[in-house]
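Novice: Shown below is the structure under consideration.
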Protein chains: 2
Amino acid sequence: MNVADLADAVRQRRLPALARAITVVENQAPGFEEILSRLHGDVGRAYRIGVTGPPGAGKSTLVDALAGHFRARGLTVAVVAVDPTSPMSGGALLGDRVRMESVASDPGVFIRSMATRGAVGGLAMTTLEVCDLLDAFGFDRIVVETVGVGQSEMAVAATTDTALLVLVPESGDAVQVLKAGVMEVAHIYVVNKNDRPGASQVTAEVGELISIRREIGSDGSEWMPRVLETCATSGDGTGALCDAIEERGEWLTPPRRAQVVRARLIAHTRAVIDRSRQLEVWSNGAVRDALDRRINEVLQGELSTYDLARQLLDTRPLP
Amino acid sequence: MNVADLADAVRQRRLPALARAITVVENQAPGFEEILSRLHGDVGRAYRIGVTGPPGAGKSTLVDALAGHFRARGLTVAVVAVDPTSPMSGGALLGDRVRMESVASDPGVFIRSMATRGAVGGLAMTTLEVCDLLDAFGFDRIVVETVGVGQSEMAVAATTDTALLVLVPESGDAVQVLKAGVMEVAHIYVVNKNDRPGASQVTAEVGELISIRREIGSDGSEWMPRVLETCATSGDGTGALCDAIEERGEWLTPPRRAQVVRARLIAHTRAVIDRSRQLEVWSNGAVRDALDRRINEVLQGELSTYDLARQLLDTRPLP
């Protein structure tokens, strides 16, 4: 199937075409930008939710519960589980499909794990592009789940419309990170496992931290971040969380949403340009080989990394 | 002062020149790569130590204590405090110089905060380049301090020879992150504030996690990661930590170190190439203006981000 047909098949909501298109985009296989470009007019209807937090915070169970609530409201859901692999283990963390058991057999729910460490352009960009495919396909809600408490992790969540940060009573580090303002901010904070000791204390601490933050829409209206308690395993509080997510979705009406989307499109266009120029260099085997061969000259102090970089750029036979 | 003179003055260990060169590199001001390139032959003698961990873990106090131990052993020390600023607050986190009070008046200690969010090429790269300046200047030990528990934070530490991860008894999230293998690994783990309850439990947990990890040198010898307890405020355990750092420094003898440095130089050359091509595009005001002007066509669905990227690349009047 050529690129045009594949894009058409995604538009016609054929699941095997969607799966194939995602693989093409994930692998940055030939034509991946062309597929995305062709689907551009179909992108923009889905509401995207980012869920991040430390491993063990119960994010998968929470996402499972949210997917159930969305389905009960007649909405289709796609879940993208971003799977950071350790350079040490090389293994897939979320690869197992034991998770999401309560919704996995529902055709209105699509689940995909992504392990794109090393993709040119970075994880946040590839995740955004996979979400564009899911959006063009027609899912009503797209949930992106990332693992970790740091800047890279929040950067992925920040490509969505609404970012959730999931904490647990043991999240001393994450609360410190919030206090220090190191991380980009979330729109909704969740204290999960609220049946454990210390939950209400974390909720109070986070509540105080976020009380001074607010987001101003283009029309002057405000979104106040909020903190909610849940117990994903029992379902306690997950309905209210779904309500809060939907409430923010309604707040993001066209004029306010355009503001968010415009910034995202500018960042994406910049990233597309940078990535295409990177691919131009590094898809050239001669450049990679020359780098590997000539690095010893740098190691021996004969020339600097900057000299070598300039020479590689000057000699490469690029179009 | 021109670029050649500035590089010479750094080589001649003039402190004002060092401070100025760091500013030029941080700001990617004209000639920044040329300064670094000229100093390439003088880089490689310093031993670089990365210190990362959640805010509030006592890293600054610990680095202060380490600097004291290095000085007592007759070694000069440079400290680079990498300062992530929140996009929300825009404020500097480590900007205050209240820290490091016990060593700040010692001319054998140089302390510099860096806030380079947004630098083309990323924080890890700019930090590495600032360390190269400090190395060329002649500091014996360079300590790079970053804040956070995530992939970006460890990426900065990974540009050093020896990476420390500082935890506290409350570091439930960080221990989960370690368990999940989400983060790049450290060479030495520190459980600070060991006078608080739960310290020995965290030490035991980390000890078990790292017991299966080892690093194999080019000659087949092994470095076993280790976990140590400290109390930075009282100084308890900091001498032993300094010993462990020095022990790894001795393990990194020339053949083994060449392996580490070679990988770092390859990564750096790649990054220099990518960055110079990015700067080529984005230093062009016409491209930036056209992007800002034409993004509305994308927003209105008239063309895709990929179409716009291609058109900007085709029309830009680049050399």
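FYI, nothing fancy with the structure tokens labels: chains A, B, ... in order, residues from 1 per chain, ligands from 1 as they appear.
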Just want the 8 Å neighbourhood of B:Leu299, counted on only C-alpha atoms, with same-chain residues fewer than 2 positions away dropped. Output as a list of chain:residue names.

Specialist: A:Ala258, A:Val261, A:Arg262, A:Leu265, B:Ile295, B:Asn296, B:Glu297, B:Gly301, B:Glu302

Novice: Neighbours of A:Tyr189 within 6 Å (only C-alpha atoms; same-chain residues fewer than 6 positions away dropped), as a ChimeraX atom specification?

Specialist: /A:164-165,227

Novice: Write to file, as a compact mmCIF listing (two decimals), in the first residue's frame, the residues of the selection just made, with C-alpha atoms.

Specialist:
```
# COMPACT_ATOMS: atom_id res chain seq x y z
CA LEU A 164 -2.22 15.10 34.82
CA LEU A 165 0.49 14.41 37.38
CA VAL A 227 -5.79 18.30 43.13
```

Novice: Taking only C-alpha atoms into account, name the residue in B:Met125, B:Val109, B:Ala65, B:Ala174 that is nearest to chain A.

Specialist: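 Selected residue with least distance to chain A: B:Ala174.
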
Novice: May I have the residues within 8 Å of stretch 231-244 of chain B as a list in words, using only C-alpha atoms and disregarding those fewer than 3 positions away in the same chain?

Specialist: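 The filter keeps Gly58, Thr61, Leu62, Ala65, Leu66, His69, Phe70, Ile188, Asn192, Lys193, Asn194, Asp195, Leu228, Glu247 and Arg248 of chain B.
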
Novice: Quick one: residues within 12 Å of A:Ser221, only C-alpha atoms, excluding same-chain residues fewer than 3 positions away - as number ranges by chain?

Specialist: A: 214-218, 224, 251-253, 255-256

Novice: Save out the residues we just selected, N, CA and C atoms, as a PDB file, in the first residue's frame.

Specialist:
```pdb
ATOM      1  N   ARG A 214      -2.443  29.842  38.040  1.00  0.00           N
ATOM      2  CA  ARG A 214      -3.647  29.785  37.231  1.00  0.00           C
ATOM      3  C   ARG A 214      -3.251  30.064  35.779  1.00  0.00           C
ATOM      4  N   GLU A 215      -4.082  29.567  34.907  1.00  0.00           N
ATOM      5  CA  GLU A 215      -3.819  29.710  33.478  1.00  0.00           C
ATOM      6  C   GLU A 215      -4.844  30.684  32.937  1.00  0.00           C
ATOM      7  N   ILE A 216      -4.370  31.652  32.190  1.00  0.00           N
ATOM      8  CA  ILE A 216      -5.298  32.659  31.676  1.00  0.00           C
ATOM      9  C   ILE A 216      -5.572  32.376  30.201  1.00  0.00           C
ATOM     10  N   GLY A 217      -6.840  32.200  29.869  1.00  0.00           N
ATOM     11  CA  GLY A 217      -7.224  31.965  28.488  1.00  0.00           C
ATOM     12  C   GLY A 217      -7.149  33.251  27.684  1.00  0.00           C
ATOM     13  N   SER A 218      -7.226  33.125  26.347  1.00  0.00           N
ATOM     14  CA  SER A 218      -7.097  34.291  25.472  1.00  0.00           C
ATOM     15  C   SER A 218      -8.223  35.297  25.742  1.00  0.00           C
ATOM     16  N   MET A 224      -8.011  27.086  36.954  1.00  0.00           N
ATOM     17  CA  MET A 224      -7.293  26.883  38.194  1.00  0.00           C
ATOM     18  C   MET A 224      -6.910  25.411  38.288  1.00  0.00           C
ATOM     19  N   TRP A 251     -13.635  23.908  28.991  1.00  0.00           N
ATOM     20  CA  TRP A 251     -13.011  25.228  29.153  1.00  0.00           C
ATOM     21  C   TRP A 251     -12.171  25.575  27.917  1.00  0.00           C
ATOM     22  N   LEU A 252     -11.558  24.528  27.345  1.00  0.00           N
ATOM     23  CA  LEU A 252     -10.718  24.723  26.156  1.00  0.00           C
ATOM     24  C   LEU A 252     -11.586  24.835  24.897  1.00  0.00           C
ATOM     25  N   THR A 253     -12.501  25.768  24.896  1.00  0.00           N
ATOM     26  CA  THR A 253     -13.349  25.981  23.725  1.00  0.00           C
ATOM     27  C   THR A 253     -12.528  26.640  22.618  1.00  0.00           C
ATOM     28  N   PRO A 255     -11.747  29.452  20.906  1.00  0.00           N
ATOM     29  CA  PRO A 255     -10.757  30.542  20.977  1.00  0.00           C
ATOM     30  C   PRO A 255      -9.599  30.212  21.924  1.00  0.00           C
ATOM     31  N   ARG A 256      -9.920  29.603  23.097  1.00  0.00           N
ATOM     32  CA  ARG A 256      -8.850  29.278  24.049  1.00  0.00           C
ATOM     33  C   ARG A 256      -7.976  28.155  23.518  1.00  0.00           C
TER      34      ARG A 256
END
```

Novice: One decimal, Å: what's the distance from atom CA of B:Glu129 over to atom CA of B:Glu26, could you say?

Specialist: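 Atom-to-atom, atom CA of B:Glu129 to atom CA of B:Glu26, that is 8.6 Å.
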
Novice: If the cut-off is 6 Å, can you tell me the residues of chain B near chain A, counting only C-alpha atoms? I'd like them as an MDAnalysis selection string.

Specialist: chainID B and resid 37 40:41 54:55 84 86 149:150 152 170:173 176:177 181:182 269 273 301 304:306 309

Novice: Write out, as a PDB file, in the first residue's frame, the residues just selected, with N, CA and C atoms.

Specialist:
```pdb
ATOM      1  N   SER B  37      37.184  25.131  20.452  1.00  0.00           N
ATOM      2  CA  SER B  37      38.033  24.391  19.516  1.00  0.00           C
ATOM      3  C   SER B  37      39.513  24.660  19.792  1.00  0.00           C
ATOM      4  N   HIS B  40      40.883  22.754  22.762  1.00  0.00           N
ATOM      5  CA  HIS B  40      40.713  21.301  22.742  1.00  0.00           C
ATOM      6  C   HIS B  40      41.930  20.526  23.270  1.00  0.00           C
ATOM      7  N   GLY B  41      43.113  20.955  22.888  1.00  0.00           N
ATOM      8  CA  GLY B  41      44.333  20.248  23.298  1.00  0.00           C
ATOM      9  C   GLY B  41      44.603  20.323  24.803  1.00  0.00           C
ATOM     10  N   PRO B  54      16.845  14.539  43.782  1.00  0.00           N
ATOM     11  CA  PRO B  54      15.699  15.440  43.941  1.00  0.00           C
ATOM     12  C   PRO B  54      16.076  16.690  44.719  1.00  0.00           C
ATOM     13  N   PRO B  55      15.348  17.785  44.498  1.00  0.00           N
ATOM     14  CA  PRO B  55      15.599  18.985  45.302  1.00  0.00           C
ATOM     15  C   PRO B  55      15.336  18.650  46.769  1.00  0.00           C
ATOM     16  N   PRO B  84      17.878  24.587  36.584  1.00  0.00           N
ATOM     17  CA  PRO B  84      16.704  24.498  35.724  1.00  0.00           C
ATOM     18  C   PRO B  84      15.705  25.539  36.188  1.00  0.00           C
ATOM     19  N   SER B  86      11.907  27.017  36.029  1.00  0.00           N
ATOM     20  CA  SER B  86      10.551  26.641  35.672  1.00  0.00           C
ATOM     21  C   SER B  86      10.040  27.603  34.608  1.00  0.00           C
ATOM     22  N   VAL B 149      14.898  14.068  39.227  1.00  0.00           N
ATOM     23  CA  VAL B 149      14.995  12.609  39.162  1.00  0.00           C
ATOM     24  C   VAL B 149      14.338  12.188  37.866  1.00  0.00           C
ATOM     25  N   GLY B 150      15.075  12.264  36.782  1.00  0.00           N
ATOM     26  CA  GLY B 150      14.478  11.879  35.518  1.00  0.00           C
ATOM     27  C   GLY B 150      15.549  11.732  34.467  1.00  0.00           C
ATOM     28  N   SER B 152      16.295  13.607  31.731  1.00  0.00           N
ATOM     29  CA  SER B 152      17.074  14.801  31.358  1.00  0.00           C
ATOM     30  C   SER B 152      18.148  15.077  32.389  1.00  0.00           C
ATOM     31  N   GLU B 170      13.220   9.807  52.272  1.00  0.00           N
ATOM     32  CA  GLU B 170      11.874  10.059  51.721  1.00  0.00           C
ATOM     33  C   GLU B 170      11.796   9.822  50.219  1.00  0.00           C
ATOM     34  N   SER B 171      12.887   9.331  49.606  1.00  0.00           N
ATOM     35  CA  SER B 171      12.939   9.217  48.143  1.00  0.00           C
ATOM     36  C   SER B 171      12.192   7.994  47.611  1.00  0.00           C
ATOM     37  N   GLY B 172      10.919   7.888  47.938  1.00  0.00           N
ATOM     38  CA  GLY B 172      10.145   6.763  47.427  1.00  0.00           C
ATOM     39  C   GLY B 172      10.078   6.749  45.911  1.00  0.00           C
ATOM     40  N   ASP B 173       9.859   7.917  45.305  1.00  0.00           N
ATOM     41  CA  ASP B 173       9.752   7.991  43.842  1.00  0.00           C
ATOM     42  C   ASP B 173      11.041   7.577  43.165  1.00  0.00           C
ATOM     43  N   GLN B 176      11.532   3.957  43.168  1.00  0.00           N
ATOM     44  CA  GLN B 176      10.657   3.346  42.163  1.00  0.00           C
ATOM     45  C   GLN B 176      11.235   3.522  40.766  1.00  0.00           C
ATOM     46  N   VAL B 177      11.783   4.707  40.505  1.00  0.00           N
ATOM     47  CA  VAL B 177      12.362   4.981  39.194  1.00  0.00           C
ATOM     48  C   VAL B 177      13.551   4.044  38.949  1.00  0.00           C
ATOM     49  N   GLY B 181      14.033   0.930  36.123  1.00  0.00           N
ATOM     50  CA  GLY B 181      15.073   1.040  35.100  1.00  0.00           C
ATOM     51  C   GLY B 181      14.816   2.175  34.129  1.00  0.00           C
ATOM     52  N   VAL B 182      14.055   3.187  34.556  1.00  0.00           N
ATOM     53  CA  VAL B 182      13.723   4.300  33.667  1.00  0.00           C
ATOM     54  C   VAL B 182      14.928   5.216  33.461  1.00  0.00           C
ATOM     55  N   THR B 269      30.555  15.356  18.852  1.00  0.00           N
ATOM     56  CA  THR B 269      30.707  15.761  17.448  1.00  0.00           C
ATOM     57  C   THR B 269      29.355  15.724  16.734  1.00  0.00           C
ATOM     58  N   ILE B 273      27.405  19.042  15.131  1.00  0.00           N
ATOM     59  CA  ILE B 273      26.892  19.107  13.757  1.00  0.00           C
ATOM     60  C   ILE B 273      25.407  19.478  13.763  1.00  0.00           C
ATOM     61  N   GLY B 301      -5.819  24.809   8.500  1.00  0.00           N
ATOM     62  CA  GLY B 301      -5.886  23.565   7.737  1.00  0.00           C
ATOM     63  C   GLY B 301      -5.505  23.711   6.272  1.00  0.00           C
ATOM     64  N   SER B 304      -0.033  21.638   5.973  1.00  0.00           N
ATOM     65  CA  SER B 304       0.376  20.931   7.180  1.00  0.00           C
ATOM     66  C   SER B 304       1.687  21.517   7.696  1.00  0.00           C
ATOM     67  N   THR B 305       2.043  21.156   8.935  1.00  0.00           N
ATOM     68  CA  THR B 305       3.334  21.581   9.496  1.00  0.00           C
ATOM     69  C   THR B 305       4.480  21.106   8.593  1.00  0.00           C
ATOM     70  N   TYR B 306       4.297  19.935   7.979  1.00  0.00           N
ATOM     71  CA  TYR B 306       5.345  19.378   7.115  1.00  0.00           C
ATOM     72  C   TYR B 306       5.480  20.206   5.839  1.00  0.00           C
ATOM     73  N   ALA B 309       7.143  23.440   6.836  1.00  0.00           N
ATOM     74  CA  ALA B 309       8.574  23.193   7.088  1.00  0.00           C
ATOM     75  C   ALA B 309       9.337  23.129   5.772  1.00  0.00           C
TER      76      ALA B 309
END
```

Novice: I need the residues of stretch 29-171 of chain A that end up classed as strand (DSSP E or B) by DSSP on the backbone, written out as a count of residues only.

Specialist: 34

Novice: Please, which residues of stretch 118-191 of chain A, numbered as in this document, come out alpha helix (DSSP H) from DSSP, as a PyMOL selection string?

Specialist: chain A and resi 123-137+151-157+172-180

Novice: Would you mind exporting the chosen residues as a compact mmCIF listing (two decimals), in the first residue's frame, restricted to N, CA, C and O atoms?

Specialist:
```txt
# COMPACT_ATOMS: atom_id res chain seq x y z
N LEU A 123 11.39 11.76 21.83
CA LEU A 123 10.20 11.02 22.20
C LEU A 123 8.95 11.88 22.15
O LEU A 123 7.89 11.44 21.68
N ALA A 124 9.05 13.12 22.64
CA ALA A 124 7.87 13.98 22.70
C ALA A 124 7.32 14.20 21.30
O ALA A 124 6.11 14.19 21.08
N MET A 125 8.21 14.38 20.33
CA MET A 125 7.77 14.66 18.97
C MET A 125 7.11 13.43 18.34
O MET A 125 6.06 13.54 17.70
N THR A 126 7.72 12.27 18.49
CA THR A 126 7.13 11.06 17.92
C THR A 126 5.79 10.75 18.57
O THR A 126 4.83 10.36 17.90
N THR A 127 5.71 10.97 19.87
CA THR A 127 4.45 10.74 20.57
C THR A 127 3.36 11.66 20.03
O THR A 127 2.23 11.23 19.76
N LEU A 128 3.71 12.91 19.82
CA LEU A 128 2.76 13.87 19.26
C LEU A 128 2.27 13.40 17.89
O LEU A 128 1.08 13.49 17.57
N GLU A 129 3.18 12.89 17.08
CA GLU A 129 2.81 12.47 15.73
C GLU A 129 1.93 11.21 15.75
O GLU A 129 1.02 11.08 14.92
N VAL A 130 2.20 10.31 16.68
CA VAL A 130 1.34 9.12 16.81
C VAL A 130 -0.06 9.57 17.26
O VAL A 130 -1.07 9.05 16.77
N CYS A 131 -0.11 10.54 18.16
CA CYS A 131 -1.41 11.08 18.58
C CYS A 131 -2.15 11.72 17.42
O CYS A 131 -3.39 11.64 17.33
N ASP A 132 -1.42 12.36 16.51
CA ASP A 132 -2.05 12.94 15.32
C ASP A 132 -2.73 11.84 14.48
O ASP A 132 -3.83 12.04 13.96
N LEU A 133 -2.07 10.69 14.36
CA LEU A 133 -2.67 9.58 13.61
C LEU A 133 -3.96 9.12 14.29
O LEU A 133 -4.98 8.89 13.63
N LEU A 134 -3.91 8.98 15.61
CA LEU A 134 -5.07 8.51 16.37
C LEU A 134 -6.21 9.53 16.29
O LEU A 134 -7.39 9.17 16.23
N ASP A 135 -5.83 10.80 16.25
CA ASP A 135 -6.78 11.90 16.13
C ASP A 135 -7.45 11.84 14.75
O ASP A 135 -8.69 11.87 14.64
N ALA A 136 -6.64 11.69 13.72
CA ALA A 136 -7.18 11.62 12.35
C ALA A 136 -8.09 10.40 12.18
O ALA A 136 -9.08 10.45 11.44
N PHE A 137 -7.76 9.33 12.88
CA PHE A 137 -8.57 8.11 12.81
C PHE A 137 -9.95 8.35 13.39
O PHE A 137 -10.92 7.72 12.98
N GLN A 151 11.90 16.53 33.74
CA GLN A 151 11.56 17.43 32.65
C GLN A 151 11.20 16.71 31.36
O GLN A 151 10.28 17.10 30.66
N SER A 152 11.93 15.62 31.03
CA SER A 152 11.63 14.90 29.78
C SER A 152 10.23 14.32 29.84
O SER A 152 9.51 14.31 28.85
N GLU A 153 9.89 13.79 31.01
CA GLU A 153 8.60 13.12 31.16
C GLU A 153 7.46 14.13 31.02
O GLU A 153 6.48 13.88 30.33
N MET A 154 7.62 15.29 31.67
CA MET A 154 6.58 16.30 31.57
C MET A 154 6.52 16.90 30.17
O MET A 154 5.47 17.36 29.74
N ALA A 155 7.65 16.90 29.45
CA ALA A 155 7.66 17.44 28.09
C ALA A 155 6.72 16.64 27.19
O ALA A 155 6.08 17.20 26.30
N VAL A 156 6.63 15.34 27.43
CA VAL A 156 5.71 14.51 26.65
C VAL A 156 4.28 14.88 26.99
O VAL A 156 3.45 15.11 26.12
N ALA A 157 3.99 14.97 28.29
CA ALA A 157 2.63 15.33 28.73
C ALA A 157 2.25 16.72 28.21
O ALA A 157 1.09 16.98 27.92
N GLY A 172 7.59 11.75 48.07
CA GLY A 172 8.36 12.85 48.67
C GLY A 172 9.16 13.61 47.63
O GLY A 172 9.19 14.85 47.61
N ASP A 173 9.82 12.87 46.73
CA ASP A 173 10.65 13.51 45.70
C ASP A 173 9.83 14.40 44.78
O ASP A 173 10.22 15.53 44.48
N ALA A 174 8.70 13.86 44.34
CA ALA A 174 7.88 14.61 43.38
C ALA A 174 7.37 15.90 44.00
O ALA A 174 7.32 16.95 43.35
N VAL A 175 7.00 15.84 45.28
CA VAL A 175 6.52 17.04 45.96
C VAL A 175 7.66 18.06 46.07
O VAL A 175 7.46 19.26 45.86
N GLN A 176 8.88 17.56 46.33
CA GLN A 176 10.05 18.45 46.37
C GLN A 176 10.29 19.09 45.01
O GLN A 176 10.63 20.27 44.91
N VAL A 177 10.13 18.29 43.97
CA VAL A 177 10.32 18.79 42.60
C VAL A 177 9.30 19.88 42.29
O VAL A 177 9.63 20.92 41.72
N LEU A 178 8.06 19.65 42.72
CA LEU A 178 7.01 20.66 42.52
C LEU A 178 7.35 21.94 43.27
O LEU A 178 7.24 23.04 42.73
N LYS A 179 7.77 21.77 44.52
CA LYS A 179 8.12 22.94 45.34
C LYS A 179 9.20 23.77 44.68
O LYS A 179 9.20 24.99 44.72
N ALA A 180 10.17 23.07 44.08
CA ALA A 180 11.32 23.75 43.50
C ALA A 180 10.99 24.36 42.15
O ALA A 180 11.78 25.13 41.60
```
